[in-house]
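A.B. asks: My structure is stored as entry09.cif, with mmCIF, C-alpha atoms.
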```
data_work
#
loop_
_atom_site.group_PDB
_atom_site.id
_atom_site.type_symbol
_atom_site.label_atom_id
_atom_site.label_comp_id
_atom_site.auth_asym_id
_atom_site.auth_seq_id
_atom_site.Cartn_x
_atom_site.Cartn_y
_atom_site.Cartn_z
ATOM 1 C CA ALA K 87 55.694 132.192 -80.047
ATOM 2 C CA LEU K 88 57.762 129.093 -80.824
ATOM 3 C CA ALA K 89 54.579 127.134 -81.586
ATOM 4 C CA ALA K 90 53.559 129.873 -84.033
ATOM 5 C CA PHE K 91 56.932 129.660 -85.767
ATOM 6 C CA ASP K 92 56.565 125.882 -85.916
ATOM 7 C CA ARG K 93 53.118 126.201 -87.569
ATOM 8 C CA ALA K 94 54.470 128.797 -89.983
ATOM 9 C CA GLY K 95 57.476 126.578 -90.700
ATOM 10 C CA ARG K 96 55.188 123.644 -91.470
ATOM 11 C CA ALA K 97 53.075 125.735 -93.849
ATOM 12 C CA LEU K 98 56.148 127.177 -95.564
ATOM 13 C CA ALA K 99 57.697 123.722 -95.882
ATOM 14 C CA ALA K 100 54.546 122.395 -97.570
ATOM 15 C CA ALA K 101 54.441 125.340 -99.986
ATOM 16 C CA ILE K 102 58.163 125.174 -100.732
ATOM 17 C CA ALA K 103 58.059 121.417 -101.362
ATOM 18 C CA ALA K 104 55.034 121.728 -103.663
ATOM 19 C CA THR K 105 56.608 124.555 -105.641
ATOM 20 C CA ALA K 106 59.979 122.814 -105.870
ATOM 21 C CA THR K 107 58.242 119.691 -107.136
ATOM 22 C CA LEU K 108 56.539 121.683 -109.896
ATOM 23 C CA VAL K 109 59.575 123.657 -111.042
ATOM 24 C CA GLU K 110 62.318 121.179 -110.090
ATOM 25 C CA THR K 111 64.527 123.585 -108.183
ATOM 26 C CA ASP K 112 67.184 122.683 -105.652
ATOM 27 C CA ILE K 113 67.129 125.838 -103.511
ATOM 28 C CA ALA K 114 64.440 128.000 -101.927
ATOM 29 C CA VAL K 115 65.304 131.508 -100.785
ATOM 30 C CA ILE K 116 63.296 133.245 -98.057
ATOM 31 C CA GLY K 117 63.700 136.994 -97.802
ATOM 32 C CA GLY K 118 62.128 139.983 -96.183
ATOM 33 C CA GLY K 119 61.756 140.718 -92.514
ATOM 34 C CA VAL K 120 60.712 137.192 -91.618
ATOM 35 C CA ALA K 121 64.101 135.852 -92.700
ATOM 36 C CA ALA K 122 65.699 137.916 -89.933
ATOM 37 C CA SER K 123 64.212 135.479 -87.412
ATOM 38 C CA GLY K 124 66.982 133.069 -88.403
ATOM 39 C CA GLU K 125 66.890 129.533 -87.044
ATOM 40 C CA THR K 126 63.690 130.279 -85.139
ATOM 41 C CA LEU K 127 61.977 130.016 -88.539
ATOM 42 C CA PHE K 128 64.489 128.116 -90.669
ATOM 43 C CA GLY K 129 64.823 125.259 -88.162
ATOM 44 C CA PRO K 130 61.118 124.301 -88.319
ATOM 45 C CA VAL K 131 61.003 124.843 -92.093
ATOM 46 C CA ARG K 132 63.916 122.468 -92.649
ATOM 47 C CA ARG K 133 62.586 119.938 -90.137
ATOM 48 C CA HIS K 134 59.099 119.828 -91.698
ATOM 49 C CA LEU K 135 60.509 119.871 -95.225
ATOM 50 C CA ALA K 136 61.709 116.308 -94.717
ATOM 51 C CA SER K 137 58.099 115.095 -94.548
ATOM 52 C CA TYR K 138 56.902 117.108 -97.565
ATOM 53 C CA ALA K 139 59.826 116.904 -99.995
ATOM 54 C CA THR K 140 59.718 113.154 -100.473
ATOM 55 C CA LEU K 141 60.398 112.776 -104.196
ATOM 56 C CA SER K 142 63.997 112.001 -105.056
ATOM 57 C CA PHE K 143 64.623 115.233 -106.978
ATOM 58 C CA VAL K 144 63.459 117.500 -104.136
ATOM 59 C CA ARG K 145 64.760 115.499 -101.185
ATOM 60 C CA ASP K 146 67.983 117.549 -101.033
ATOM 61 C CA LEU K 147 66.236 120.914 -101.397
ATOM 62 C CA ARG K 148 68.062 123.675 -99.523
ATOM 63 C CA VAL K 149 66.238 126.536 -97.783
ATOM 64 C CA VAL K 150 68.364 129.640 -97.198
ATOM 65 C CA PRO K 151 67.852 133.283 -96.229
ATOM 66 C CA ALA K 152 68.095 135.886 -98.993
ATOM 67 C CA ALA K 153 71.600 137.320 -99.215
ATOM 68 C CA LEU K 154 70.141 140.820 -99.605
ATOM 69 C CA GLY K 155 68.034 140.481 -96.455
ATOM 70 C CA THR K 156 65.133 142.877 -96.156
ATOM 71 C CA HIS K 157 66.305 144.803 -99.225
ATOM 72 C CA ALA K 158 65.820 141.895 -101.651
ATOM 73 C CA GLY K 159 62.341 142.972 -102.795
ATOM 74 C CA LEU K 160 63.329 146.602 -103.219
ATOM 75 C CA ILE K 161 66.447 145.751 -105.216
ATOM 76 C CA GLY K 162 64.507 143.297 -107.379
ATOM 77 C CA ALA K 163 61.798 145.883 -108.072
ATOM 78 C CA ALA K 164 64.423 148.483 -109.008
ATOM 79 C CA ALA K 165 66.150 146.018 -111.342
ATOM 80 C CA ALA K 166 62.822 145.135 -112.997
ATOM 81 C CA ALA K 167 61.988 148.834 -113.437
ATOM 82 C CA MET K 168 65.370 149.443 -115.061
ATOM 83 C CA MET K 169 64.786 146.565 -117.467
ATOM 84 C CA LEU K 170 61.356 147.887 -118.430
ATOM 85 C CA ALA K 171 62.351 151.543 -118.796
ATOM 86 C CA PRO K 172 62.931 152.779 -122.360
ATOM 87 C CA ALA K 173 66.642 152.961 -123.234
ATOM 88 C CA GLY K 174 66.791 156.777 -123.239
ATOM 89 C CA ARG K 175 64.976 157.104 -119.897
ATOM 90 C CA ARG K 176 67.090 154.901 -117.680
ATOM 91 C CA GLY K 177 68.847 157.756 -115.911
ATOM 92 C CA PRO K 178 72.548 158.151 -115.195
ATOM 93 C CA THR K 179 74.820 155.160 -115.411
ATOM 94 C CA ALA K 180 77.936 154.535 -113.424
#
```
As a first step, turn the structure in this file into structure tokens.
C.D. replies:
Amino acid sequence: ALAAFDRAGRALAAAIAATATLVETDIAVIGGGVAASGETLFGPVRRHLASYATLSFVRDLRVVPAALGTHAGLIGAAAAAMMLAPAGRRGPTA
């Protein structure tokens, strides 16, 4: 199982480094159920990131779990739906 997390961490690190290089970001947020694995996943991601994020502007890239945990996608989808709903059809407001 640890070898599988290491392989996944390597793949995620490569994808995160490539994306961060394209969009010049300084933080990557991982959410959903996989983020609940904690350092079992984040340790390998951060370790492998050092070999992929080699350009100066992505060298200090941080990888963190989503603050909303497994609810991040659901909350984001609800927020997007509220933004797209016509003004009179947004339902009750608090």
A.B. asks: Taking into account all atoms listed in the file, which residue in the set K:Ala158, K:Ala106, K:Met168, K:Ile116 is nearest to K:Ser142?
C.D. replies: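 Nearest to K:Ser142: K:Ala106.
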A.B. asks: Exactly which residues make up the result of the PyMOL selection byres ((chain K and resi 144) around 8) on this file, given as a list in words?
C.D. replies: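 Here the PyMOL selection byres ((chain K and resi 144) around 8) matches Ala103, Ala106, Thr107, Glu110, Thr111, Asp112, Ala139, Thr140, Leu141, Ser142, Phe143, Arg145, Asp146 and Leu147 of chain K.
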A.B. asks: Kindly indicate which residue among K:Ile161, K:Pro172, K:Pro151, K:Ala136 lies nearest to K:Ala114, using only C-alpha atoms for the distances.
C.D. replies: K:Pro151
A.B. asks: Write out as a list of chain:residue names each polymer residue whose atoms come within 10 Å of stretch 118-124 of chain K, counting all atoms listed in the file; drop sequence neighbours fewer than 5 positions from it.
C.D. replies: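 Residues meeting the cut-off are K:Phe91, K:Gly129, K:Val150, K:Pro151, K:Ala152, K:Leu154, K:Gly155, K:Thr156, K:His157, K:Ala158, K:Gly159, K:Leu160.
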A.B. asks: Those residues with C-alpha atoms, as a PDB file, in the coordinates of the input please?
C.D. replies:
```pdb
ATOM      1  CA  PHE K  91      56.932 129.660 -85.767  1.00  0.00           C
ATOM      2  CA  GLY K 129      64.823 125.259 -88.162  1.00  0.00           C
ATOM      3  CA  VAL K 150      68.364 129.640 -97.198  1.00  0.00           C
ATOM      4  CA  PRO K 151      67.852 133.283 -96.229  1.00  0.00           C
ATOM      5  CA  ALA K 152      68.095 135.886 -98.993  1.00  0.00           C
ATOM      6  CA  LEU K 154      70.141 140.820 -99.605  1.00  0.00           C
ATOM      7  CA  GLY K 155      68.034 140.481 -96.455  1.00  0.00           C
ATOM      8  CA  THR K 156      65.133 142.877 -96.156  1.00  0.00           C
ATOM      9  CA  HIS K 157      66.305 144.803 -99.225  1.00  0.00           C
ATOM     10  CA  ALA K 158      65.820 141.895-101.651  1.00  0.00           C
ATOM     11  CA  GLY K 159      62.341 142.972-102.795  1.00  0.00           C
ATOM     12  CA  LEU K 160      63.329 146.602-103.219  1.00  0.00           C
TER      13      LEU K 160
END
```
A.B. asks: Tell me which protein, DNA and RNA residues are within 7 Å of K:Leu135, counting all atoms listed in the file, leaving out same-chain ones fewer than 2 positions away, and put them as an NGL selection string.
C.D. replies: :K and (99-100 or 103 or 131-133 or 137-139)
A.B. asks: How far is it from atom CA of K:Leu98 to atom CA of K:Glu125, in Å with one decimal?
C.D. replies: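 Computed distance, atom CA of K:Leu98 to atom CA of K:Glu125, equals 13.9 Å.
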A.B. asks: Can you pull out every residue within 12 Å of K:Ala90, counting all atoms listed in the file, but drop anything in the same chain fewer than 3 positions away, and send it as an mmCIF file with C-alpha atoms, keeping the file's coordinate frame?
C.D. replies:
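Once written, around.cif looks like this:
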```cif
data_model
loop_
_atom_site.group_PDB
_atom_site.id
_atom_site.type_symbol
_atom_site.label_atom_id
_atom_site.label_comp_id
_atom_site.auth_asym_id
_atom_site.auth_seq_id
_atom_site.Cartn_x
_atom_site.Cartn_y
_atom_site.Cartn_z
ATOM 1 C CA ALA K 87 55.694 132.192 -80.047
ATOM 2 C CA ARG K 93 53.118 126.201 -87.569
ATOM 3 C CA ALA K 94 54.470 128.797 -89.983
ATOM 4 C CA GLY K 95 57.476 126.578 -90.700
ATOM 5 C CA ARG K 96 55.188 123.644 -91.470
ATOM 6 C CA ALA K 97 53.075 125.735 -93.849
ATOM 7 C CA THR K 126 63.690 130.279 -85.139
ATOM 8 C CA LEU K 127 61.977 130.016 -88.539
ATOM 9 C CA PRO K 130 61.118 124.301 -88.319
#
```
A.B. asks: Which residue, K:Val109, K:Gly117, K:Ala171, K:Ile102, has the smallest gap to K:Arg148 when you use all atoms listed in the file?
C.D. replies: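 Checking each of K:Val109, K:Gly117, K:Ala171, K:Ile102 against K:Arg148, counting all atoms listed in the file, the winner is K:Ile102.
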A.B. asks: So what do you get for atom CA of K:His134 versus atom CA of K:Ile113, distance-wise?
C.D. replies: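 Interatomic distance here is 15.5 Å.
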A.B. asks: Box along x, y and z, 5 Å on every side, all listed atoms of stretch 140-149 of chain K inside: centre and edge lengths in Å to one decimal, as lines of an AutoDock Vina configuration file.
C.D. replies:
```
center_x = 63.9
center_y = 119.3
center_z = -102.4
size_x = 18.3
size_y = 24.5
size_z = 19.2
```
